[in-house]
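Asker: File name my_file-v4.cif; file contents mmCIF, C-alpha atoms, pLDDT in the B column; chains and numbers go by the auth columns; full text below.
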```
data_work
loop_
_atom_site.group_PDB
_atom_site.id
_atom_site.type_symbol
_atom_site.label_atom_id
_atom_site.label_comp_id
_atom_site.label_asym_id
_atom_site.label_seq_id
_atom_site.Cartn_x
_atom_site.Cartn_y
_atom_site.Cartn_z
_atom_site.B_iso_or_equiv
_atom_site.auth_seq_id
_atom_site.auth_asym_id
ATOM 1 C CA MET A 1 0.000 0.000 0.000 47.00 1 P
ATOM 2 C CA ALA A 2 1.056 3.542 -0.488 42.00 2 P
ATOM 3 C CA PHE A 3 1.770 4.886 2.939 36.00 3 P
ATOM 4 C CA ILE A 4 2.792 7.675 5.242 38.00 4 P
ATOM 5 C CA GLY A 5 4.718 7.616 8.479 36.00 5 P
ATOM 6 C CA VAL A 6 5.283 10.642 10.679 36.00 6 P
ATOM 7 C CA LEU A 7 7.731 9.921 13.472 31.00 7 P
ATOM 8 C CA GLY A 8 10.422 12.407 14.337 27.00 8 P
ATOM 9 C CA ALA A 9 11.796 13.897 11.142 24.00 9 P
ATOM 10 C CA ALA A 10 10.856 10.953 8.949 28.00 10 P
ATOM 11 C CA ALA A 11 7.781 10.924 6.742 33.00 11 P
ATOM 12 C CA THR A 12 7.004 8.544 3.926 32.00 12 P
ATOM 13 C CA GLY A 13 4.143 7.630 1.642 44.00 13 P
ATOM 14 C CA CYS A 14 1.080 8.910 -0.158 54.00 14 P
ATOM 15 C CA ALA A 15 0.396 12.092 1.824 34.00 15 P
ATOM 16 C CA THR A 16 0.636 14.101 5.009 31.00 16 P
ATOM 17 C CA GLU A 17 -0.399 17.474 6.469 34.00 17 P
ATOM 18 C CA THR A 18 -3.976 18.571 7.078 37.00 18 P
ATOM 19 C CA GLU A 19 -6.440 19.944 4.553 45.00 19 P
ATOM 20 C CA GLU A 20 -9.296 22.419 4.713 48.00 20 P
ATOM 21 C CA GLU A 21 -11.863 20.317 6.571 56.00 21 P
ATOM 22 C CA PRO A 22 -10.644 18.963 9.925 56.00 22 P
ATOM 23 C CA VAL A 23 -12.637 16.351 11.767 58.00 23 P
ATOM 24 C CA ASP A 24 -14.974 18.231 14.084 55.00 24 P
ATOM 25 C CA ASP A 25 -14.874 15.939 17.098 53.00 25 P
ATOM 26 C CA ASP A 26 -12.381 14.757 19.708 50.00 26 P
ATOM 27 C CA SER A 27 -11.127 11.975 17.431 47.00 27 P
ATOM 28 C CA ALA A 28 -9.123 14.566 15.488 47.00 28 P
ATOM 29 C CA ALA A 29 -6.580 14.417 18.282 49.00 29 P
ATOM 30 C CA VAL A 30 -6.031 10.740 17.456 72.00 30 P
ATOM 31 C CA LEU A 31 -5.317 11.671 13.813 80.00 31 P
ATOM 32 C CA GLN A 32 -6.711 8.440 12.394 89.00 32 P
ATOM 33 C CA SER A 33 -9.947 6.523 12.579 94.00 33 P
ATOM 34 C CA THR A 34 -9.757 2.721 12.576 94.00 34 P
ATOM 35 C CA PRO A 35 -7.593 1.579 9.631 95.00 35 P
ATOM 36 C CA ILE A 36 -8.192 -1.195 7.133 94.00 36 P
ATOM 37 C CA ALA A 37 -5.788 -4.123 7.039 91.00 37 P
ATOM 38 C CA ASP A 38 -4.606 -5.798 3.837 86.00 38 P
ATOM 39 C CA VAL A 39 -6.764 -8.824 4.647 92.00 39 P
ATOM 40 C CA ASP A 40 -9.861 -6.600 4.647 95.00 40 P
ATOM 41 C CA MET A 41 -9.444 -5.999 0.909 96.00 41 P
ATOM 42 C CA LYS A 42 -10.738 -9.021 -1.005 97.00 42 P
ATOM 43 C CA LYS A 43 -9.679 -9.249 -4.646 97.00 43 P
ATOM 44 C CA ILE A 44 -12.576 -9.998 -6.997 98.00 44 P
ATOM 45 C CA ALA A 45 -13.090 -10.619 -10.697 98.00 45 P
ATOM 46 C CA ARG A 46 -13.356 -7.544 -12.887 97.00 46 P
ATOM 47 C CA PRO A 47 -17.038 -6.550 -13.116 96.00 47 P
ATOM 48 C CA ALA A 48 -18.544 -6.983 -16.572 94.00 48 P
ATOM 49 C CA GLY A 49 -17.953 -4.009 -18.837 95.00 49 P
ATOM 50 C CA MET A 50 -15.527 -2.293 -16.472 97.00 50 P
ATOM 51 C CA PRO A 51 -11.999 -1.345 -17.585 97.00 51 P
ATOM 52 C CA ILE A 52 -8.805 -2.937 -16.309 97.00 52 P
ATOM 53 C CA PRO A 53 -7.368 -0.603 -13.643 97.00 53 P
ATOM 54 C CA TYR A 54 -3.801 0.627 -13.914 95.00 54 P
ATOM 55 C CA GLN A 55 -1.055 -1.039 -11.953 93.00 55 P
ATOM 56 C CA GLN A 56 0.352 1.276 -9.302 89.00 56 P
ATOM 57 C CA PRO A 57 3.939 2.373 -10.063 68.00 57 P
ATOM 58 C CA ASP A 58 6.559 1.825 -7.388 62.00 58 P
ATOM 59 C CA SER A 59 7.100 4.569 -4.837 54.00 59 P
ATOM 60 C CA THR A 60 10.141 6.771 -5.342 51.00 60 P
ATOM 61 C CA GLY A 61 12.353 8.946 -3.144 43.00 61 P
ATOM 62 C CA TRP A 62 15.044 8.205 -0.588 41.00 62 P
ATOM 63 C CA PHE A 63 12.527 6.621 1.780 42.00 63 P
ATOM 64 C CA ASP A 64 9.865 5.634 -0.767 42.00 64 P
ATOM 65 C CA GLU A 65 8.053 8.729 0.447 41.00 65 P
ATOM 66 C CA LYS A 66 6.697 9.584 -2.993 45.00 66 P
ATOM 67 C CA GLY A 67 3.850 7.098 -3.131 56.00 67 P
ATOM 68 C CA LYS A 68 1.917 6.672 -6.366 81.00 68 P
ATOM 69 C CA CYS A 69 -1.551 5.690 -5.167 90.00 69 P
ATOM 70 C CA GLY A 70 -2.838 9.229 -5.797 91.00 70 P
ATOM 71 C CA PRO A 71 -1.731 9.475 -9.451 93.00 71 P
ATOM 72 C CA THR A 72 -2.988 5.927 -9.981 95.00 72 P
ATOM 73 C CA ALA A 73 -6.419 6.830 -8.599 96.00 73 P
ATOM 74 C CA VAL A 74 -6.471 9.822 -10.949 96.00 74 P
ATOM 75 C CA ALA A 75 -5.590 7.667 -13.962 97.00 75 P
ATOM 76 C CA ASN A 76 -8.176 5.035 -13.035 98.00 76 P
ATOM 77 C CA THR A 77 -10.865 7.677 -12.612 98.00 77 P
ATOM 78 C CA LEU A 78 -10.072 9.244 -15.975 98.00 78 P
ATOM 79 C CA ARG A 79 -10.206 5.829 -17.632 97.00 79 P
ATOM 80 C CA LEU A 80 -13.797 5.525 -16.390 98.00 80 P
ATOM 81 C CA TYR A 81 -14.507 8.645 -18.463 97.00 81 P
ATOM 82 C CA TRP A 82 -12.691 7.199 -21.514 97.00 82 P
ATOM 83 C CA ILE A 83 -9.710 9.519 -21.018 97.00 83 P
ATOM 84 C CA ASP A 84 -6.319 7.823 -21.314 97.00 84 P
ATOM 85 C CA VAL A 85 -3.731 9.197 -18.901 96.00 85 P
ATOM 86 C CA THR A 86 -1.180 6.929 -17.230 96.00 86 P
ATOM 87 C CA PRO A 87 -0.323 7.194 -13.522 94.00 87 P
ATOM 88 C CA GLU A 88 3.165 8.292 -14.541 92.00 88 P
ATOM 89 C CA GLN A 89 1.782 11.150 -16.643 94.00 89 P
ATOM 90 C CA ALA A 90 -0.633 12.259 -13.921 93.00 90 P
ATOM 91 C CA ASP A 91 2.253 12.216 -11.445 87.00 91 P
ATOM 92 C CA LYS A 92 4.456 14.251 -13.788 89.00 92 P
ATOM 93 C CA ASP A 93 1.665 16.777 -14.339 90.00 93 P
ATOM 94 C CA GLY A 94 1.194 17.470 -10.644 79.00 94 P
ATOM 95 C CA ALA A 95 -1.103 14.859 -9.080 83.00 95 P
ATOM 96 C CA HIS A 96 1.262 14.514 -6.121 72.00 96 P
ATOM 97 C CA TRP A 97 2.714 16.331 -3.138 63.00 97 P
ATOM 98 C CA ILE A 98 6.200 16.345 -1.601 60.00 98 P
ATOM 99 C CA ILE A 99 5.144 13.212 0.257 60.00 99 P
ATOM 100 C CA GLY A 100 2.578 11.139 -1.604 62.00 100 P
ATOM 101 C CA THR A 101 -0.638 12.892 -2.640 80.00 101 P
ATOM 102 C CA MET A 102 -3.243 14.994 -0.888 86.00 102 P
ATOM 103 C CA GLY A 103 -6.803 15.617 -1.966 92.00 103 P
ATOM 104 C CA ARG A 104 -6.173 19.196 -2.944 91.00 104 P
ATOM 105 C CA GLN A 105 -3.401 18.188 -5.352 93.00 105 P
ATOM 106 C CA ILE A 106 -5.741 15.713 -7.033 95.00 106 P
ATOM 107 C CA ALA A 107 -8.562 18.263 -7.252 95.00 107 P
ATOM 108 C CA LYS A 108 -6.209 20.919 -8.624 94.00 108 P
ATOM 109 C CA TYR A 109 -4.851 18.516 -11.240 94.00 109 P
ATOM 110 C CA MET A 110 -8.356 17.531 -12.352 95.00 110 P
ATOM 111 C CA GLN A 111 -9.485 21.153 -12.520 97.00 111 P
ATOM 112 C CA ASN A 112 -6.402 22.220 -14.489 96.00 112 P
ATOM 113 C CA TYR A 113 -6.230 19.341 -16.960 97.00 113 P
ATOM 114 C CA HIS A 114 -9.826 18.089 -17.148 97.00 114 P
ATOM 115 C CA PRO A 115 -12.098 21.002 -16.189 98.00 115 P
ATOM 116 C CA GLU A 116 -14.916 19.558 -18.301 97.00 116 P
ATOM 117 C CA LEU A 117 -15.451 16.864 -15.653 98.00 117 P
ATOM 118 C CA GLY A 118 -16.181 19.375 -12.885 98.00 118 P
ATOM 119 C CA CYS A 119 -14.168 17.601 -10.177 98.00 119 P
ATOM 120 C CA THR A 120 -14.029 18.923 -6.613 98.00 120 P
ATOM 121 C CA LEU A 121 -12.497 18.066 -3.259 97.00 121 P
ATOM 122 C CA GLU A 122 -15.221 16.985 -0.837 98.00 122 P
ATOM 123 C CA HIS A 123 -15.436 16.351 2.911 98.00 123 P
ATOM 124 C CA PRO A 124 -18.994 15.061 3.470 97.00 124 P
ATOM 125 C CA GLN A 125 -20.454 14.976 6.963 96.00 125 P
ATOM 126 C CA ASP A 126 -22.326 11.700 6.440 97.00 126 P
ATOM 127 C CA GLY A 127 -19.782 9.679 4.516 97.00 127 P
ATOM 128 C CA ALA A 128 -21.825 6.512 4.050 98.00 128 P
ATOM 129 C CA THR A 129 -24.955 8.200 2.711 98.00 129 P
ATOM 130 C CA TRP A 130 -22.980 10.562 0.495 98.00 130 P
ATOM 131 C CA LEU A 131 -20.817 7.780 -0.968 98.00 131 P
ATOM 132 C CA ARG A 132 -23.805 5.581 -1.805 98.00 132 P
ATOM 133 C CA LYS A 133 -25.532 8.515 -3.506 98.00 133 P
ATOM 134 C CA GLN A 134 -22.493 9.326 -5.647 98.00 134 P
ATOM 135 C CA LEU A 135 -22.015 5.730 -6.758 98.00 135 P
ATOM 136 C CA ASP A 136 -25.721 5.144 -7.389 97.00 136 P
ATOM 137 C CA THR A 137 -25.872 8.184 -9.672 97.00 137 P
ATOM 138 C CA GLY A 138 -22.814 7.320 -11.775 97.00 138 P
ATOM 139 C CA HIS A 139 -20.015 9.207 -10.020 98.00 139 P
ATOM 140 C CA PRO A 140 -16.800 7.288 -9.226 98.00 140 P
ATOM 141 C CA VAL A 141 -15.190 8.612 -6.052 98.00 141 P
ATOM 142 C CA MET A 142 -11.493 8.872 -5.232 98.00 142 P
ATOM 143 C CA VAL A 143 -11.287 7.989 -1.541 98.00 143 P
ATOM 144 C CA TRP A 144 -8.326 8.432 0.820 96.00 144 P
ATOM 145 C CA PHE A 145 -8.443 6.113 3.834 96.00 145 P
ATOM 146 C CA ASN A 146 -6.301 4.759 6.653 95.00 146 P
ATOM 147 C CA THR A 147 -4.375 1.519 6.411 93.00 147 P
ATOM 148 C CA ASP A 148 -2.342 -0.357 9.013 88.00 148 P
ATOM 149 C CA GLY A 149 0.732 1.177 10.614 81.00 149 P
ATOM 150 C CA PHE A 150 -0.196 4.886 10.419 80.00 150 P
ATOM 151 C CA THR A 151 -0.327 4.607 6.645 86.00 151 P
ATOM 152 C CA SER A 152 -2.899 5.630 4.050 91.00 152 P
ATOM 153 C CA HIS A 153 -4.040 4.794 0.535 92.00 153 P
ATOM 154 C CA TRP A 154 -6.062 6.241 -2.357 95.00 154 P
ATOM 155 C CA VAL A 155 -8.531 4.042 -4.260 97.00 155 P
ATOM 156 C CA VAL A 156 -11.399 4.660 -6.656 98.00 156 P
ATOM 157 C CA ALA A 157 -14.770 3.542 -5.321 98.00 157 P
ATOM 158 C CA VAL A 158 -16.937 2.343 -8.212 98.00 158 P
ATOM 159 C CA GLY A 159 -19.844 0.576 -6.551 98.00 159 P
ATOM 160 C CA HIS A 160 -21.445 -1.000 -3.510 98.00 160 P
ATOM 161 C CA ARG A 161 -23.673 -4.009 -2.981 97.00 161 P
ATOM 162 C CA GLY A 162 -25.354 -5.911 -0.208 97.00 162 P
ATOM 163 C CA THR A 163 -27.043 -4.558 2.906 96.00 163 P
ATOM 164 C CA GLY A 164 -26.337 -4.191 6.592 96.00 164 P
ATOM 165 C CA ASP A 165 -23.177 -5.842 7.866 96.00 165 P
ATOM 166 C CA LYS A 166 -22.794 -7.645 4.526 97.00 166 P
ATOM 167 C CA GLU A 167 -22.662 -4.479 2.438 98.00 167 P
ATOM 168 C CA VAL A 168 -19.368 -4.032 0.587 98.00 168 P
ATOM 169 C CA ALA A 169 -17.709 -1.231 -1.335 98.00 169 P
ATOM 170 C CA VAL A 170 -16.163 -2.129 -4.695 98.00 170 P
ATOM 171 C CA VAL A 171 -12.909 -0.292 -5.392 98.00 171 P
ATOM 172 C CA GLN A 172 -10.105 -0.154 -7.937 97.00 172 P
ATOM 173 C CA SER A 173 -6.530 -0.549 -6.712 95.00 173 P
ATOM 174 C CA TRP A 174 -3.261 -2.222 -7.751 92.00 174 P
ATOM 175 C CA GLY A 175 -4.481 -3.136 -11.221 95.00 175 P
ATOM 176 C CA ALA A 176 -7.563 -4.979 -9.968 96.00 176 P
ATOM 177 C CA TYR A 177 -10.933 -4.749 -8.207 98.00 177 P
ATOM 178 C CA TYR A 178 -11.488 -5.345 -4.505 97.00 178 P
ATOM 179 C CA GLU A 179 -14.374 -5.617 -2.084 98.00 179 P
ATOM 180 C CA ILE A 180 -14.145 -4.001 1.343 98.00 180 P
ATOM 181 C CA ASN A 181 -16.733 -4.221 4.089 98.00 181 P
ATOM 182 C CA PHE A 182 -18.645 -0.966 3.647 98.00 182 P
ATOM 183 C CA LYS A 183 -18.771 -0.033 7.332 98.00 183 P
ATOM 184 C CA LYS A 184 -15.041 -0.674 7.758 98.00 184 P
ATOM 185 C CA PHE A 185 -14.290 1.326 4.614 98.00 185 P
ATOM 186 C CA VAL A 186 -16.306 4.338 5.738 98.00 186 P
ATOM 187 C CA GLU A 187 -14.757 4.202 9.210 97.00 187 P
ATOM 188 C CA ALA A 188 -11.219 4.073 7.773 97.00 188 P
ATOM 189 C CA TRP A 189 -12.103 7.080 5.595 97.00 189 P
ATOM 190 C CA ARG A 190 -13.769 9.059 8.401 97.00 190 P
ATOM 191 C CA ASN A 191 -10.625 10.685 9.816 95.00 191 P
ATOM 192 C CA VAL A 192 -7.357 10.629 7.863 94.00 192 P
ATOM 193 C CA TYR A 193 -4.658 12.571 9.733 90.00 193 P
ATOM 194 C CA GLY A 194 -7.361 14.811 11.167 92.00 194 P
ATOM 195 C CA ILE A 195 -9.142 15.302 7.810 94.00 195 P
ATOM 196 C CA ARG A 196 -12.819 14.357 7.544 96.00 196 P
ATOM 197 C CA HIS A 197 -13.792 11.999 4.707 97.00 197 P
ATOM 198 C CA PRO A 198 -11.194 13.224 2.159 97.00 198 P
ATOM 199 C CA SER A 199 -12.472 12.497 -1.339 97.00 199 P
ATOM 200 C CA VAL A 200 -12.536 13.827 -4.889 98.00 200 P
ATOM 201 C CA VAL A 201 -15.587 13.426 -7.121 98.00 201 P
ATOM 202 C CA CYS A 202 -16.571 14.788 -10.524 98.00 202 P
ATOM 203 C CA LYS A 203 -19.858 16.434 -11.451 97.00 203 P
ATOM 204 C CA ASP A 204 -19.874 14.541 -14.737 97.00 204 P
ATOM 205 C CA THR A 205 -21.197 10.980 -14.658 97.00 205 P
ATOM 206 C CA THR A 206 -20.003 7.854 -16.423 96.00 206 P
ATOM 207 C CA GLN A 207 -22.258 5.250 -17.966 92.00 207 P
ATOM 208 C CA LEU A 208 -19.868 2.546 -16.765 92.00 208 P
ATOM 209 C CA LEU A 209 -21.239 2.922 -13.235 90.00 209 P
ATOM 210 C CA LYS A 210 -24.836 2.862 -14.458 68.00 210 P
ATOM 211 C CA GLN A 211 -24.644 -0.579 -16.064 61.00 211 P
#
```
As structure tokens, please, write out the structure in this file.
Answerer:
Amino acid sequence: MAFIGVLGAAATGCATETEEEPVDDDSAAVLQSTPIADVDMKKIARPAGMPIPYQQPDSTGWFDEKGKCGPTAVANTLRLYWIDVTPEQADKDGAHWIIGTMGRQIAKYMQNYHPELGCTLEHPQDGATWLRKQLDTGHPVMVWFNTDGFTSHWVVAVGHRGTGDKEVAVVQSWGAYYEINFKKFVEAWRNVYGIRHPSVVCKDTTQLLKQ
């Protein structure tokens, strides 16, 4: 997973620092809501009609601090709109930060290079309800969430299915599709380094999510 560590002077991974919308409860002091472990992401067959996601390039930098999950999420999102941009090109064009990628870099990249999609950085109050609504109406969502070891990762949420405790989110990552328990996913997304539900979504819709 692309990751971040902040201990002493060392920091590595996909992102760090806080953004515009801090978590508005005492959990902000903890910096992270409950993370998702690798075993919580179950690889599944590619859904019918959906594109093959990009493989995530290796991290770069002295400490692998320049994670590539953000540029990969950008490239995968654009592919859902039939726009071909590789993770490497998105990274080169600015879909990154000094350490990994933050939501505002992704939103800025999308607004600069693909303004026709109408993409914005969002921090919804009710993450679960908002995410379901976006997916049900044809909007893929780039989601930044916590992973084990004070790390984080960007994926593209493309669907959800099931109900109650059996509901799962369907996401693109590492060149494949995965299912994650929906409640665990939303909880891991709730507070990322003190940021509430960091996500990027486009106003434009894609028919691929309406199949």
Asker: What is the distance between atom CA of P:Lys43 and atom CA of P:Val143, in Å to one decimal?
Answerer: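 Going from atom CA of P:Lys43 over to atom CA of P:Val143, I get 17.6 Å.
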Asker: Tell me which residues the PyMOL selection byres ((chain P and resi 82-86) around 12) grabs here, as JSON, numbers by chain.
Answerer: {"P": [50, 51, 53, 54, 55, 56, 57, 68, 70, 71, 72, 73, 74, 75, 76, 77, 78, 79, 80, 81, 87, 88, 89, 90, 91, 92, 93, 95, 110, 113, 114, 116, 117, 205, 206, 207, 208]}
Asker: Selection in question (the file shown): the PyMOL selection byres ((chain P and resi 146) around 9). Which residues does it include, as a list of chain:residue names?
Answerer: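 For this structure, the PyMOL selection byres ((chain P and resi 146) around 9) captures P:Phe3, P:Gln32, P:Ser33, P:Thr34, P:Pro35, P:Ile36, P:Ala37, P:Trp144, P:Phe145, P:Thr147, P:Asp148, P:Gly149, P:Phe150, P:Thr151, P:Ser152, P:His153, P:Phe185, P:Glu187, P:Ala188, P:Trp189, P:Arg190, P:Asn191, P:Val192, P:Tyr193.
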Asker: For a quick check of understanding, using only C-alpha atoms, which of P:Ile180, P:Val171, P:Val186, P:Met102 has the smallest distance to P:Thr129?
Answerer: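 Between P:Ile180, P:Val171, P:Val186, P:Met102, the residue approaching P:Thr129 most closely is P:Val186.
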Asker: At what distance in Å, to one decimal, does atom CA of P:Ala176 lie from atom CA of P:Arg46?
Answerer: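 These two atoms are separated by 7.0 Å.
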Asker: Which residue gives the smallest distance to P:Leu131 among P:Val158, P:Thr101, P:Gly164, P:Pro115, with all atoms listed in the file counted?
Answerer: P:Val158
Asker: So, counting only C-alpha atoms, which residue among P:Ala45, P:Cys69, P:Val39, P:Met142 is closest to P:Cys202?
Answerer: P:Met142
Asker: Applied to this file, what does the PyMOL selection byres ((chain P and resi 138) around 7) return in terms of residues, put as a list in words?
Answerer: Gln134, Leu135, Asp136, Thr137, His139, Pro140, Thr205, Thr206, Gln207, Leu209 and Lys210 of chain P
Asker: May I have the residues from that selection written out with C-alpha atoms, as a JSON list (two decimals), in the coordinates of the input?
Answerer:
```json
[["chain", "number", "residue", "atom", "x", "y", "z"],
["P", 134, "GLN", "CA", -22.49, 9.33, -5.65],
["P", 135, "LEU", "CA", -22.02, 5.73, -6.76],
["P", 136, "ASP", "CA", -25.72, 5.14, -7.39],
["P", 137, "THR", "CA", -25.87, 8.18, -9.67],
["P", 139, "HIS", "CA", -20.02, 9.21, -10.02],
["P", 140, "PRO", "CA", -16.80, 7.29, -9.23],
["P", 205, "THR", "CA", -21.20, 10.98, -14.66],
["P", 206, "THR", "CA", -20.00, 7.85, -16.42],
["P", 207, "GLN", "CA", -22.26, 5.25, -17.97],
["P", 209, "LEU", "CA", -21.24, 2.92, -13.24],
["P", 210, "LYS", "CA", -24.84, 2.86, -14.46]]
```
Asker: What does the distance from atom CA of P:Ile44 to atom CA of P:Val155 come to in Å, to one decimal?
Answerer: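 So the answer is 14.9 Å.
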Asker: Rank P:Ile195, P:Val30, P:Ala48, P:Ala157 by their smallest atom-to-atom distance to P:Lys133, using all atoms listed in the file, and report the top residue only.
Answerer: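 That would be P:Ala157, the residue with the smallest distance to P:Lys133.
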Asker: P:Lys203, P:Lys108, P:His197, P:Arg132: which is nearest P:Ala169, counting only C-alpha atoms?
Answerer: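 The closest residue to P:Ala169 is P:Arg132.
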